[in-house]
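Working notes for the structure below.
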Amino acid sequence: MGYALSMKCEVCGREFPLDGYAFRCLECNEPLTVIYDYESLKNVVSKESFKSRVFGVWRYRELLPVRGDRIVTLFEGGTPLLRSERISRLFGFRNLFFKDESRNPTGSFKDRGSTVGVSKALEIGAKAVGCASTGNMASSLSAYATKAGLKCFILIPYGTPMEKVLQTLYYDPKVFSLDLPYPELYKLSFEASLNYGLYLVHSDSPMRVEGQKTVAYEICEQLGWKAPDIVIVPTSSGGNFSAIWKGFMEFYELGFIDKLPRMICVQSSGCAPIVEAFKSGGDLKPWGDAKTVAHSISNPNPSLASGNRVLRILRNFKGIAESVSDDIILNFQKILAISEGLFVEPASAASVAVLRKLMDYGDIDKDETIVCILTGSGMKDLSAIKSYVGFPFKIESRDEFLEEVKRLLQ
């Protein structure tokens, strides 16, 4: 028996069937949310019911909108929640944690959404899946489509550096490069879906959100069935931010946690439309000239995706939106590597790079339990670190090597 009821627009309340090809509200173009029969779920799931299952996305199968016999999985989720050691001492934090999503099969949090989205596509008989993406989502969706035996269509902007799409190309999807900005490609993917039945598993599709909300479930379990005080999420289109918030809300609704965390959206100062709208108290506006090394969080027009939903969450639940410069992001990408042993992409490092600013502004406290979401692996963007690494130390002989070891260890 499934407990998912329908997909609902949070703005106008219109509902859509779970097995349909509606990915946004057809009335107001806002993202859709999967709603559940929570009262029935309270009689079915418990903290104990999860314990005997593999720690990962499908551990929470009753809270996902897919029948169990059509699951497409690469054993995603179940990522570690790592207690910070050295960075905690640097700032004086007592309970600073990193949720390391780089441990997923293709190296990013996107795999959580892909497993649910592709499984749903298979369940309803879709022949192909697709998205507009230049990075993590494209490679993730391509991998899961291959696993499911489905055709996969990827739209990328013309001129996207090859190192960003090599992983995607290796899974052999159909990748199309058009000389259009990402927001226009996003619109074009919807046109293909409407006219030809392409099943979208894009940045904030309802099924992708359902998979990515399990980040919050895992954090609560890993903290002993408690919600953290603060969760910091690198944010682009807003789909992952919305998903993580939904996960906490659902565990709160089911009585598994007794409070909700304060959510913090972080963007690069080179592309921060959500931060600007939040601080001004106004509406989202397209960002004129997006320039940042944190490519994964550089959507210049998130109003086409979940940007407005992020603003509603921030404003209704006392959240915060803050930006951080590329220089600081790259500095903390290096600090995470040399102090915590974590090699993450620049967008991931933004969640840690913003800590000092939040402390200086009095937005967070050193005694609070803080979780920084590390969204993807540093292997995704090796070009960003070229100026931050040296060269191998060349030696001429065996004796020279031994002398150097002796000198360094004395």
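In the structure tokens, the first chain shown is A, the next is B, and so on; residue numbers restart at 1 for each chain, and ligands run from 1 in the order shown.
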| request: Considering only C-alpha atoms, return as a PyMOL selection string whatever protein or nucleic-acid residues lie within 8 Å of A:Val233, sequence-local ones (same chain, fewer than 6 positions apart) excluded. | output: chain A and resi 240-241+263-266+351+372-373
| task | Find the residues around A:Phe251 up to 12 Å (only C-alpha atoms counted), leave out those fewer than 2 positions away in its own chain, and share them as a ChimeraX atom specification. | result | /A:38,41-42,45-47,60,63,213-221,225-227,244-249,253-261
| message | Restricting the calculation to only C-alpha atoms: of A:Asn95, A:Asn301, A:Gln333, A:Thr134, which residue gets closest to A:Pro228? | response | A:Asn95
Excluding A:Arg208 and any residue of its chain fewer than 6 positions from it, enumerate the residues within 9 Å of it, using only C-alpha atoms, and give them as a PDB file with C-alpha atoms, in the first residue's frame.
```
ATOM      1  CA  LYS A 110      21.684  14.366  -6.912  1.00  0.00           C
ATOM      2  CA  ASP A 111      21.716  10.563  -6.740  1.00  0.00           C
ATOM      3  CA  ARG A 112      19.057  10.648  -4.034  1.00  0.00           C
ATOM      4  CA  GLY A 113      16.662  12.393  -6.388  1.00  0.00           C
ATOM      5  CA  SER A 114      17.642  10.322  -9.402  1.00  0.00           C
ATOM      6  CA  THR A 115      16.864   7.010  -7.737  1.00  0.00           C
ATOM      7  CA  VAL A 116      13.309   8.119  -6.916  1.00  0.00           C
ATOM      8  CA  GLY A 117      12.718  10.011 -10.166  1.00  0.00           C
ATOM      9  CA  VAL A 118      13.948   7.218 -12.439  1.00  0.00           C
ATOM     10  CA  VAL A 201      13.801  14.580 -13.360  1.00  0.00           C
ATOM     11  CA  HIS A 202      15.047  18.144 -13.185  1.00  0.00           C
ATOM     12  CA  GLY A 239      15.237  22.256  -5.120  1.00  0.00           C
ATOM     13  CA  ASN A 240      17.630  20.710  -2.605  1.00  0.00           C
ATOM     14  CA  ALA A 243      13.745  19.014  -0.204  1.00  0.00           C
TER      15      ALA A 243
END
```
| task | DSSP on the backbone, then: every residue of stretch 324-365 of chain A marked alpha helix (DSSP H), written as a list in words. | result | Asp326, Asp327, Ile328, Ile329, Leu330, Asn331, Phe332, Gln333, Lys334, Ile335, Leu336, Ala337, Ile338, Ser339, Glu340, Pro346, Ala347, Ser348, Ala349, Ala350, Ser351, Val352, Ala353, Leu355, Arg356, Lys357, Leu358, Met359 and Asp360 of chain A
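If you measure from each of A:Ile338, A:Ala145, A:Leu408, A:Cys152 to A:Glu85 using only C-alpha atoms, the closest one turns out to be A:Ile338.
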So which residues touch A:Thr79 within 9 Å, counting only C-alpha atoms, skipping near sequence neighbours fewer than 2 positions away, as a PDB file with N, CA and C atoms, in the first residue's frame?
```pdb
ATOM      1  N   PHE A  55      20.940   1.458   5.617  1.00  0.00           N
ATOM      2  CA  PHE A  55      20.930   2.900   5.826  1.00  0.00           C
ATOM      3  C   PHE A  55      21.132   3.591   4.487  1.00  0.00           C
ATOM      4  N   GLY A  56      20.065   4.142   3.945  1.00  0.00           N
ATOM      5  CA  GLY A  56      20.106   4.803   2.659  1.00  0.00           C
ATOM      6  C   GLY A  56      18.730   5.319   2.296  1.00  0.00           C
ATOM      7  N   GLU A  76      22.411   4.505  -3.034  1.00  0.00           N
ATOM      8  CA  GLU A  76      22.653   5.911  -2.730  1.00  0.00           C
ATOM      9  C   GLU A  76      22.185   6.232  -1.307  1.00  0.00           C
ATOM     10  N   GLY A  77      22.620   7.369  -0.814  1.00  0.00           N
ATOM     11  CA  GLY A  77      22.254   7.767   0.547  1.00  0.00           C
ATOM     12  C   GLY A  77      23.108   7.048   1.575  1.00  0.00           C
ATOM     13  N   LEU A  81      27.665  11.546   8.620  1.00  0.00           N
ATOM     14  CA  LEU A  81      27.577  12.849   9.279  1.00  0.00           C
ATOM     15  C   LEU A  81      28.835  12.966  10.124  1.00  0.00           C
ATOM     16  N   LYS A  99      27.584  16.914   6.589  1.00  0.00           N
ATOM     17  CA  LYS A  99      26.864  15.826   5.930  1.00  0.00           C
ATOM     18  C   LYS A  99      27.482  15.675   4.550  1.00  0.00           C
ATOM     19  N   ASP A 100      28.267  14.607   4.364  1.00  0.00           N
ATOM     20  CA  ASP A 100      29.125  14.483   3.186  1.00  0.00           C
ATOM     21  C   ASP A 100      28.427  13.717   2.062  1.00  0.00           C
ATOM     22  N   GLU A 101      27.761  14.468   1.192  1.00  0.00           N
ATOM     23  CA  GLU A 101      27.019  13.876   0.082  1.00  0.00           C
ATOM     24  C   GLU A 101      27.910  13.475  -1.092  1.00  0.00           C
ATOM     25  N   SER A 102      29.202  13.766  -1.001  1.00  0.00           N
ATOM     26  CA  SER A 102      30.111  13.342  -2.061  1.00  0.00           C
ATOM     27  C   SER A 102      30.270  11.824  -2.085  1.00  0.00           C
ATOM     28  N   ARG A 103      29.816  11.139  -1.044  1.00  0.00           N
ATOM     29  CA  ARG A 103      29.964   9.682  -0.966  1.00  0.00           C
ATOM     30  C   ARG A 103      28.909   8.930  -1.784  1.00  0.00           C
ATOM     31  N   ASN A 104      27.985   9.637  -2.411  1.00  0.00           N
ATOM     32  CA  ASN A 104      26.975   8.986  -3.234  1.00  0.00           C
ATOM     33  C   ASN A 104      27.593   8.397  -4.501  1.00  0.00           C
ATOM     34  N   VAL A 215      17.992  13.313   3.018  1.00  0.00           N
ATOM     35  CA  VAL A 215      19.146  13.895   3.718  1.00  0.00           C
ATOM     36  C   VAL A 215      18.732  14.284   5.139  1.00  0.00           C
ATOM     37  N   GLU A 218      18.149  11.253   7.488  1.00  0.00           N
ATOM     38  CA  GLU A 218      19.389  10.652   7.968  1.00  0.00           C
ATOM     39  C   GLU A 218      20.057  11.505   9.040  1.00  0.00           C
TER      40      GLU A 218
END
```
| task | Extract, using only C-alpha atoms, all DNA, RNA and protein residues at most 8 Å from stretch 34-37 of chain A, discarding same-chain residues fewer than 6 positions from it, and format them as a ChimeraX atom specification. | result | /A:3-8,18,63,65,206-207,210
Next, write the just-selected residues to a file, as a PDB file, in the first residue's frame, keeping C-alpha atoms as the atom set.
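Output contents, as saved in again_15.pdb:
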```
ATOM      1  CA  TYR A   3       0.739   6.501   1.376  1.00  0.00           C
ATOM      2  CA  ALA A   4       1.524   9.207  -1.193  1.00  0.00           C
ATOM      3  CA  LEU A   5      -1.751  10.829  -2.273  1.00  0.00           C
ATOM      4  CA  SER A   6      -1.038  13.375  -4.996  1.00  0.00           C
ATOM      5  CA  MET A   7       1.144  16.275  -6.069  1.00  0.00           C
ATOM      6  CA  LYS A   8      -0.060  19.665  -4.871  1.00  0.00           C
ATOM      7  CA  LEU A  18       1.285  11.030  -8.994  1.00  0.00           C
ATOM      8  CA  LEU A  63       7.694   7.930   2.849  1.00  0.00           C
ATOM      9  CA  PRO A  65       6.005   7.717  -3.738  1.00  0.00           C
ATOM     10  CA  PRO A 206       8.503  16.500  -7.235  1.00  0.00           C
ATOM     11  CA  MET A 207      10.148  13.073  -7.445  1.00  0.00           C
ATOM     12  CA  GLU A 210      11.240  13.248  -2.583  1.00  0.00           C
TER      13      GLU A 210
END
```
| task | Tell me which of A:Gly281, A:Gly270, A:Gly378, A:Pro302 sits closest to A:Asp327, counting only C-alpha atoms. | result |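 With only C-alpha atoms as the atom set, the closest residue is A:Gly270.
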| Contacts of A:Asp283 at 12 Å or less, counting only C-alpha atoms, minus same-chain residues fewer than 5 places along, as number ranges by chain? | A: 273-278, 301-303, 307-312
| In Å, with one decimal, what is the gap from atom CA of A:Thr160 to atom CA of A:Asp204? | 21.8 Å
| request: Extract, using only C-alpha atoms, all DNA, RNA and protein residues at most 12 Å from A:Leu355, discarding same-chain residues fewer than 2 positions from it, and format them as a PyMOL selection string. | output: chain A and resi 87-88+90-93+96+230-233+264-266+322-324+328-329+332+349-353+357-366+370-372
| said: Counting only C-alpha atoms, which residue out of A:Val57, A:Gly13, A:Arg262, A:Gly68 sits closest to A:Gly319? | reply: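 The answer is A:Arg262, which sits nearest to A:Gly319.
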| task | List every residue of stretch 12-86 of chain A that DSSP, applied to the backbone, labels as strand (DSSP E), and write the result as an MDAnalysis selection string. | result | chainID A and resid 15:16 32:36 81:83
Writer output for current selection, N, CA and C atoms, as a short mmCIF file (atom, residue, chain, number, x, y, z; two decimals), in the first residue's frame:
```
data_model
loop_
_atom_site.label_atom_id
_atom_site.label_comp_id
_atom_site.auth_asym_id
_atom_site.auth_seq_id
_atom_site.Cartn_x
_atom_site.Cartn_y
_atom_site.Cartn_z
N GLU A 15 -4.29 20.11 -7.31
CA GLU A 15 -3.64 18.81 -7.16
C GLU A 15 -3.52 18.09 -8.50
N PHE A 16 -2.49 17.24 -8.59
CA PHE A 16 -2.20 16.50 -9.81
C PHE A 16 -1.89 15.05 -9.44
N LEU A 32 5.56 21.62 -7.61
CA LEU A 32 4.58 20.76 -6.95
C LEU A 32 5.23 20.01 -5.80
N THR A 33 4.41 19.67 -4.80
CA THR A 33 4.87 18.94 -3.62
C THR A 33 4.06 17.66 -3.47
N VAL A 34 4.73 16.54 -3.25
CA VAL A 34 4.04 15.29 -2.99
C VAL A 34 3.48 15.32 -1.56
N ILE A 35 2.19 15.04 -1.44
CA ILE A 35 1.57 15.01 -0.12
C ILE A 35 1.20 13.58 0.24
N TYR A 36 1.18 13.30 1.55
CA TYR A 36 0.99 11.95 2.07
C TYR A 36 -0.17 11.91 3.06
N LEU A 81 27.67 11.55 8.62
CA LEU A 81 27.58 12.85 9.28
C LEU A 81 28.83 12.97 10.12
N LEU A 82 29.77 13.77 9.67
CA LEU A 82 31.10 13.82 10.26
C LEU A 82 31.23 14.98 11.23
N ARG A 83 31.67 14.70 12.43
CA ARG A 83 31.92 15.76 13.40
C ARG A 83 33.22 16.48 13.04
#
```
